[in-house]
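Chemist: Here's a structure for you.
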Amino acid sequence: MSDAKPKVAFYWCSSCGGCEESIVDLAEDILKVVAAVDIVFWPVALDFKKKDVEAMPDKSIAVTFINGAVRLSEQEEMVKLLRRKSGLIVAHGSCAHLGGIPGLGNFWNKETIFRRAYHTTPSTDNRDGVVPLEKSVVDGKELSLPAFFDTVLSLNQVIDVDYYLPGCAPPRDLILNAVTAILEGKLPPKGAVLSPNKSVCDDCERNETKPEKMTIKVIKRPWEALLDPKTCFLAQGVICMGPATRTGCGERCIEANMPCRGCFGPTDQVFDQGAKFLSALGSIIETSDEKEIEKIVDTIVDPAGTFYRFSLPTSILRRRKMEAIR
Amino acid sequence: MSQKITIDPITRLEGHGKIEIFLDDRGDVDRAILQIPELRGFEQFAVGRPVEEMPRITPRICGVCPTAHHMASTKTADAVFHVEPTPTARKIRELIYNAFMFEDHTLHFFFLGGPDFVVGPQAPAAERNILGVLGKVGLEIGGKVIRARRECRDILNHLCGKVIHPVCGLPGGVSKGLDEEHRAQFLETAKFTVDFARFALKIFEDVVLKNKEYVDIVVGDAYKIRTYYMGLVDRNNKVNFYDGDVRVVTPEGKEFAKFKPEEYLQHISEHVEPWSYIKFPFLKKIGWKGFEEGKESGIYRVAPLARLNASDGMATPLAQAEHDRMYEVLGGKPAHNTLAFHWARLIEALQAAETMVALLEDAGITGTDLRNIPTRVPTEGVGIVEAPRGTLIHHYKTDERAIVTEANLIVATVNNAGAINMSIEKAAKSFIKGGQVSDGLLNMVEMAFRAYDPCHACGTHAYPGGMPLTLNIYDHYGERIRQLRRT
């Protein structure tokens, strides 16, 4: 009888567990979802293993929600398997969608990350120079670990993705809307990001405090000044990714009087979130003198890590060229 | 013939965890190993980031306890800038932190750890979950559990922006204040949490302590290891989650060390093994002696029972009374009984609830002095909080523009990595003899590490049903000869 219900699967890759919590936070609503579907794979909650998935007919899972970026061989294998077995794949959350915070690892590579984690951190006592190995033998016992990649990948860099649920973590109304739309067969065009296609500024309550012609002369960091809780952050000279970021988040960070950091990624019209922000910024800097513009932009610390906080792996930069920094 | 048993829960500490159990030729347990196959490299990619952004980056280490990373990171940023939060900001931070501890701890008891006791370790797996708990103690409790989680998360959403992931912490304070209307509303929640924590302890009393079989399991040798203990304490050596000195006691309960956060490198080192991406911290002054118990080994434990062991008691009166009662039953302090982590967790939840009430009864929490603007040159800092799963250390160095040049993190569950391995091995050795693997093994071994509420359990945390496990037994040709499953 449960065969009549659509089959749903969940999987996580390189992620923090916050997306799983976002599903738990649906609270009572999740019970309605659970009653309407047959969950066939969910490592966090159900005891089905990889081989159970392998045994399923191709395309027999109606939809699989995958969160986390891809950084390990094991994750790559699992998402390819799930792609084969699933009708639809939804990239759930910023990491699967854009690469997310773990994507900041693309400023480095496996070698530098391992060197830091296992050799140069000041609390590490590793005089024998041990590092975790894909195959190791302890007292004659063989143990294995999955391979660690140099580069963090978003989900669509590994498999074909049908829809994207943005956010770190996605808010409950967006998840519920997505699930409902899929269950009711009211599917948007393939590749859609399941959140309104407009910017955070369009929905932001502070938008009306934005002056007609906004001009800034100095960039301030959030710790440097008391931030007015009603005024547009950019008008206060504080970097806010709102102009280059898709809305649908409920502006929750701004509600807590902190500027947007862009976890929803760009709108449909924009290919590169960081480039979009730079152009938005260029238009509000109060001078046309190029030297002066340069001087102001120079006061922005860590532009790459700020403008691409959540989207480095899917940006035009994608990753840092490691040869260059050696 | 040697055998290998794999317990592969495919679930997480920052990802996943896998238990390998090796049997000797008599079929007894030779070695049990918990592997953590996940690493994301936060310490490396922190480099180059503005230090004030770290509280918005590091919560992504864990989406179940993001508030712990947010707060440790914010305190580290305070230290880097040599700035203290304003009195109001400190109160707000402590409110956030105690609401988070309460919510996390009680949730663990009802959804994850509690079912083993309330429903019973031998109960059918299908009943050993939150629904089984409700069946045993009454359905109306379900409403209370949901209310407690929702209202605490409302406090966090209001003050932090998002529960997953908080954004409010800035060096020298917080970004958002508390108004009178919300103070009154949250005070009602806080009072409810005190009642709820006492009620959870009553359930523990009625169901566990009045059942000799359960008490025997709790105090039995299979779940006992003698280690050092570590936790934050306040000026009076009482348990504190948000701030204080780190205190370490010996397996006999004597003070071994007490240090300031910035002194942690004199006391803690981390050992590397080739078979796990996780590192194994140990007490530097004793040294790494392998996965060994006792005073000669540098292995220490953190998290609820360890915090109580490392302190002279609780900071609030109701929790103190419960603390005294627990040690009376366990036969004195320190207690080495791994399953008593569950009990200590509820006592801590009560302290968190009482602390919330005290903070919200103080009208000073609605003050408008939310930020001290840093004025000194940033350098280096260490921030330590007690996460639900133990002592959490963030350490950043910056350049004069407050850009991170080096970061080091010792994450709560990592402190327990050695001890969790040992607890699993001990439980496995107690329950697997002569190659006979009982069906009950799965849950009994699982109970050994679930007591720590390790972040492997992060996801399962809130879900009906225990952690799913498959246990495979292989002969020396690698052929599977038996499989046990629980769901």
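Quick note on naming: the chains in the structure tokens go A, B, ... in the order shown, residues restart at 1 in each chain, and ligands are numbered from 1 in order of appearance.
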Neighbours of range 221-231 of chain B within 6 Å (only C-alpha atoms; same-chain residues fewer than 2 positions away dropped), as a list in words?
Modeler: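 Close residues of range 221-231 of chain B: Val246, Arg247, Val248, Val249, Thr250, Pro251, Glu293, Gly294, Tyr300, Arg301, Val302, Ala306, Arg307, Ala310, His336, Asn337, Thr338, Ala427 and Ser430 of chain B.
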Chemist: Just C-alpha atoms for this one: save the residues we selected as a PDB file, in the first residue's frame.
Modeler:
```
ATOM      1  CA  VAL B 246      38.883  25.598  32.615  1.00  0.00           C
ATOM      2  CA  ARG B 247      39.250  23.142  35.467  1.00  0.00           C
ATOM      3  CA  VAL B 248      40.599  19.610  35.170  1.00  0.00           C
ATOM      4  CA  VAL B 249      40.245  16.978  37.903  1.00  0.00           C
ATOM      5  CA  THR B 250      41.999  13.617  38.239  1.00  0.00           C
ATOM      6  CA  PRO B 251      40.138  10.289  38.173  1.00  0.00           C
ATOM      7  CA  GLU B 293      42.108   4.569  31.200  1.00  0.00           C
ATOM      8  CA  GLY B 294      43.397   5.865  34.492  1.00  0.00           C
ATOM      9  CA  TYR B 300      40.124  13.208  29.590  1.00  0.00           C
ATOM     10  CA  ARG B 301      36.396  13.597  29.162  1.00  0.00           C
ATOM     11  CA  VAL B 302      34.140  16.614  28.648  1.00  0.00           C
ATOM     12  CA  ALA B 306      32.563  15.619  33.100  1.00  0.00           C
ATOM     13  CA  ARG B 307      31.522  19.223  33.798  1.00  0.00           C
ATOM     14  CA  ALA B 310      35.235  18.956  37.281  1.00  0.00           C
ATOM     15  CA  HIS B 336      32.918   7.425  36.043  1.00  0.00           C
ATOM     16  CA  ASN B 337      29.628   5.961  34.803  1.00  0.00           C
ATOM     17  CA  THR B 338      29.241   6.869  31.161  1.00  0.00           C
ATOM     18  CA  ALA B 427      30.962  -2.225  25.889  1.00  0.00           C
ATOM     19  CA  SER B 430      31.504  -6.910  27.681  1.00  0.00           C
TER      20      SER B 430
END
```
Chemist: Using only C-alpha atoms, determine which residues lie at most 8 Å from range 293-305 of chain A, disregarding the query and same-chain residues fewer than 2 positions distant; provide the list as an MDAnalysis selection string.
Modeler: (chainID A and resid 104 217:219 274 282 285 287:291 307:309) or (chainID B and resid 48:50 403)
Chemist: Give the residues of chain A that lie within 7 Å of chain B; count only C-alpha atoms, and format the answer as a ChimeraX atom specification.
Modeler: /A:14,16-18,20-21,24,43-47,101-102,104-105,107,113,116-118,121,123-126,130-133,136,143-146,169,223-225,252-253,255-258,301-302,305
Chemist: Please list as a PDB file with C-alpha atoms, in the first residue's frame every residue within 12 Å of Glu361 in chain B, counting only C-alpha atoms and excluding residues in the same chain fewer than 2 positions away.
Modeler:
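What landed in out-v3.pdb:
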```pdb
ATOM      1  CA  LYS B  91      23.331  39.328  29.901  1.00  0.00           C
ATOM      2  CA  LEU B  95      20.377  34.350  27.975  1.00  0.00           C
ATOM      3  CA  GLU B 180      10.325  45.022  27.770  1.00  0.00           C
ATOM      4  CA  ARG B 183      11.477  40.272  28.284  1.00  0.00           C
ATOM      5  CA  ALA B 184       8.100  39.591  29.884  1.00  0.00           C
ATOM      6  CA  GLN B 185       7.208  37.021  27.250  1.00  0.00           C
ATOM      7  CA  PHE B 186      10.524  35.196  27.505  1.00  0.00           C
ATOM      8  CA  LEU B 187      10.324  35.213  31.305  1.00  0.00           C
ATOM      9  CA  GLU B 188       7.152  33.134  30.996  1.00  0.00           C
ATOM     10  CA  ALA B 190      11.919  30.607  31.260  1.00  0.00           C
ATOM     11  CA  LYS B 191       9.599  29.760  34.148  1.00  0.00           C
ATOM     12  CA  GLU B 354      17.064  28.691  36.468  1.00  0.00           C
ATOM     13  CA  THR B 355      19.727  30.938  34.966  1.00  0.00           C
ATOM     14  CA  MET B 356      17.316  32.093  32.256  1.00  0.00           C
ATOM     15  CA  VAL B 357      14.773  33.097  34.905  1.00  0.00           C
ATOM     16  CA  ALA B 358      17.394  35.030  36.874  1.00  0.00           C
ATOM     17  CA  LEU B 359      18.593  36.852  33.761  1.00  0.00           C
ATOM     18  CA  ALA B 363      15.414  44.562  34.274  1.00  0.00           C
ATOM     19  CA  GLY B 364      19.001  45.426  33.288  1.00  0.00           C
ATOM     20  CA  ILE B 365      18.731  42.986  30.407  1.00  0.00           C
ATOM     21  CA  THR B 366      16.609  45.510  28.493  1.00  0.00           C
TER      22      THR B 366
END
```
Chemist: Could you name the residues that touch Glu76 in chain A at 8 Å or less, counting only C-alpha atoms, but leaving out those on the same chain fewer than 5 positions away, as a list in words?
Modeler: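 Selected residues are Val70, Arg71 and Val158 of chain A.
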Chemist: Residues near Ala79 in chain B, anyone? I mean within 9 Å using only C-alpha atoms, not counting same-chain ones fewer than 6 positions away, as a list of chain:residue names.
Modeler: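 Listing them by chain and then by number gives B:Pro171, B:Pro378, B:Thr379, B:Glu380, B:Gly381, B:Val382, B:Gly383.
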Chemist: Dump N, CA and C atoms for the selected residues as a PDB file, in the first residue's frame?
Modeler:
```pdb
ATOM      1  N   PRO B 171      32.309  41.695  18.313  1.00  0.00           N
ATOM      2  CA  PRO B 171      33.270  41.980  19.375  1.00  0.00           C
ATOM      3  C   PRO B 171      32.779  43.154  20.207  1.00  0.00           C
ATOM      4  N   PRO B 378      44.040  44.925  17.382  1.00  0.00           N
ATOM      5  CA  PRO B 378      43.737  43.500  17.518  1.00  0.00           C
ATOM      6  C   PRO B 378      44.999  42.648  17.397  1.00  0.00           C
ATOM      7  N   THR B 379      45.055  41.552  18.136  1.00  0.00           N
ATOM      8  CA  THR B 379      46.233  40.681  18.083  1.00  0.00           C
ATOM      9  C   THR B 379      45.841  39.210  18.022  1.00  0.00           C
ATOM     10  N   GLU B 380      45.518  38.678  19.158  1.00  0.00           N
ATOM     11  CA  GLU B 380      45.310  37.240  19.265  1.00  0.00           C
ATOM     12  C   GLU B 380      44.333  36.984  20.385  1.00  0.00           C
ATOM     13  N   GLY B 381      43.536  35.929  20.278  1.00  0.00           N
ATOM     14  CA  GLY B 381      42.618  35.649  21.367  1.00  0.00           C
ATOM     15  C   GLY B 381      42.133  34.213  21.363  1.00  0.00           C
ATOM     16  N   VAL B 382      41.705  33.784  22.550  1.00  0.00           N
ATOM     17  CA  VAL B 382      41.124  32.454  22.713  1.00  0.00           C
ATOM     18  C   VAL B 382      39.757  32.643  23.354  1.00  0.00           C
ATOM     19  N   GLY B 383      38.761  31.928  22.854  1.00  0.00           N
ATOM     20  CA  GLY B 383      37.432  31.963  23.455  1.00  0.00           C
ATOM     21  C   GLY B 383      36.984  30.542  23.750  1.00  0.00           C
TER      22      GLY B 383
END
```
Chemist: Using the chain letters and numbers from this document, which residues of range 202-319 of chain A does DSSP assign to strand (DSSP E or B), as a PyMOL selection string?
Modeler: chain A and resi 216+220+238+246+285
Chemist: Go ahead and write the selection's residues with N, CA and C atoms as a short mmCIF file (atom, residue, chain, number, x, y, z; two decimals), in the first residue's frame.
Modeler:
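Writing the result to again_0.cif gives the following:
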```
data_model
loop_
_atom_site.label_atom_id
_atom_site.label_comp_id
_atom_site.auth_asym_id
_atom_site.auth_seq_id
_atom_site.Cartn_x
_atom_site.Cartn_y
_atom_site.Cartn_z
N ILE A 216 28.39 56.58 -0.94
CA ILE A 216 29.24 56.31 0.22
C ILE A 216 30.68 56.71 -0.08
N LYS A 220 32.70 50.89 6.18
CA LYS A 220 32.91 50.58 7.61
C LYS A 220 32.68 49.09 7.84
N VAL A 238 28.16 50.20 5.35
CA VAL A 238 28.51 48.83 5.75
C VAL A 238 28.15 47.88 4.60
N ARG A 246 19.35 36.96 -3.78
CA ARG A 246 17.95 36.62 -3.96
C ARG A 246 17.22 36.68 -2.62
N ILE A 285 29.29 54.51 -5.09
CA ILE A 285 30.44 55.21 -4.53
C ILE A 285 30.46 56.65 -5.07
#
```
Chemist: What is the CA of Pro243 in chain A to CA of Cys263 in chain A distance in Å?
Modeler: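 Computed distance, CA of Pro243 in chain A to CA of Cys263 in chain A, equals 12.6 Å.
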Chemist: Write out as a ChimeraX atom specification which residues come within 10 Å of Arg235 in chain B when counting only C-alpha atoms, dropping same-chain ones fewer than 3 positions away.
Modeler: /B:238-240,244-245
Chemist: Calculate how many Å separate CA of Arg325 in chain B from CA of Gly313 in chain B, rounding to one decimal.
Modeler: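 Between CA of Arg325 in chain B and CA of Gly313 in chain B the gap works out to 11.6 Å.
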Chemist: What parts of range 10-139 of chain B does DSSP call alpha helix (DSSP H)? I'd like the answer as JSON, numbers by chain.
Modeler: {"B": [42, 43, 44, 45, 54, 55, 56, 57, 66, 67, 68, 69, 70, 71, 72, 73, 74, 75, 76, 77, 78, 79, 80, 81, 87, 88, 89, 90, 91, 92, 93, 94, 95, 96, 97, 98, 99, 100, 101, 102, 103, 104, 105, 106, 107, 114, 115, 116, 117, 118, 130, 131, 132, 133, 134, 135, 136, 137]}
Chemist: What is the CA of Leu34 in chain B to CA of Gly435 in chain B distance in Å?
Modeler: 20.0 Å
Chemist: Could you list, as an MDAnalysis selection string, every residue within 10 Å of Glu94 in chain B, counting only C-alpha atoms and ignoring same-chain residues fewer than 2 positions away?
Modeler: chainID B and resid 71 88:92 96:100 241:243 352 355:356 359
Chemist: Can you write out the residues you just picked, keeping N, CA and C atoms, as a compact mmCIF listing (two decimals), in the first residue's frame?
Modeler:
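Output file result-v2.txt is given in full below:
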```
# COMPACT_ATOMS: atom_id res chain seq x y z
N MET B 71 29.03 31.62 19.75
CA MET B 71 29.42 32.28 21.00
C MET B 71 30.92 32.14 21.27
N THR B 88 24.85 44.84 29.51
CA THR B 88 23.61 44.35 28.90
C THR B 88 23.91 43.26 27.88
N ALA B 89 24.92 43.51 27.05
CA ALA B 89 25.25 42.52 26.02
C ALA B 89 25.64 41.19 26.64
N ARG B 90 26.36 41.27 27.74
CA ARG B 90 26.76 40.03 28.40
C ARG B 90 25.53 39.26 28.87
N LYS B 91 24.56 39.99 29.44
CA LYS B 91 23.33 39.33 29.90
C LYS B 91 22.60 38.69 28.72
N ILE B 92 22.51 39.41 27.61
CA ILE B 92 21.82 38.87 26.44
C ILE B 92 22.54 37.63 25.92
N ILE B 96 20.89 33.92 25.65
CA ILE B 96 20.92 33.13 24.43
C ILE B 96 21.55 31.77 24.72
N TYR B 97 22.67 31.82 25.42
CA TYR B 97 23.43 30.59 25.61
C TYR B 97 22.69 29.59 26.48
N ASN B 98 22.05 30.08 27.53
CA ASN B 98 21.33 29.16 28.42
C ASN B 98 20.06 28.63 27.76
N ALA B 99 19.39 29.46 26.96
CA ALA B 99 18.21 28.97 26.23
C ALA B 99 18.63 27.86 25.28
N PHE B 100 19.76 28.06 24.64
CA PHE B 100 20.28 27.05 23.71
C PHE B 100 20.64 25.76 24.45
N PHE B 241 28.40 27.61 31.74
CA PHE B 241 28.42 27.21 30.33
C PHE B 241 29.05 28.27 29.45
N TYR B 242 28.87 29.53 29.84
CA TYR B 242 29.26 30.63 28.95
C TYR B 242 30.69 31.11 29.17
N ASP B 243 31.17 31.04 30.40
CA ASP B 243 32.44 31.72 30.68
C ASP B 243 33.11 31.12 31.90
N ALA B 352 20.40 25.65 33.49
CA ALA B 352 20.20 26.58 32.37
C ALA B 352 18.86 27.30 32.51
N THR B 355 18.92 29.78 35.36
CA THR B 355 19.73 30.94 34.97
C THR B 355 18.94 31.87 34.04
N MET B 356 18.16 31.26 33.14
CA MET B 356 17.32 32.09 32.26
C MET B 356 16.35 32.94 33.07
N LEU B 359 18.20 35.82 34.73
CA LEU B 359 18.59 36.85 33.76
C LEU B 359 17.40 37.69 33.33
```
Chemist: Which one is closest to Leu72 in chain A: A:Ser283, A:Ser315, A:Thr151, A:Thr245? Count only C-alpha atoms.
Modeler: A:Thr151
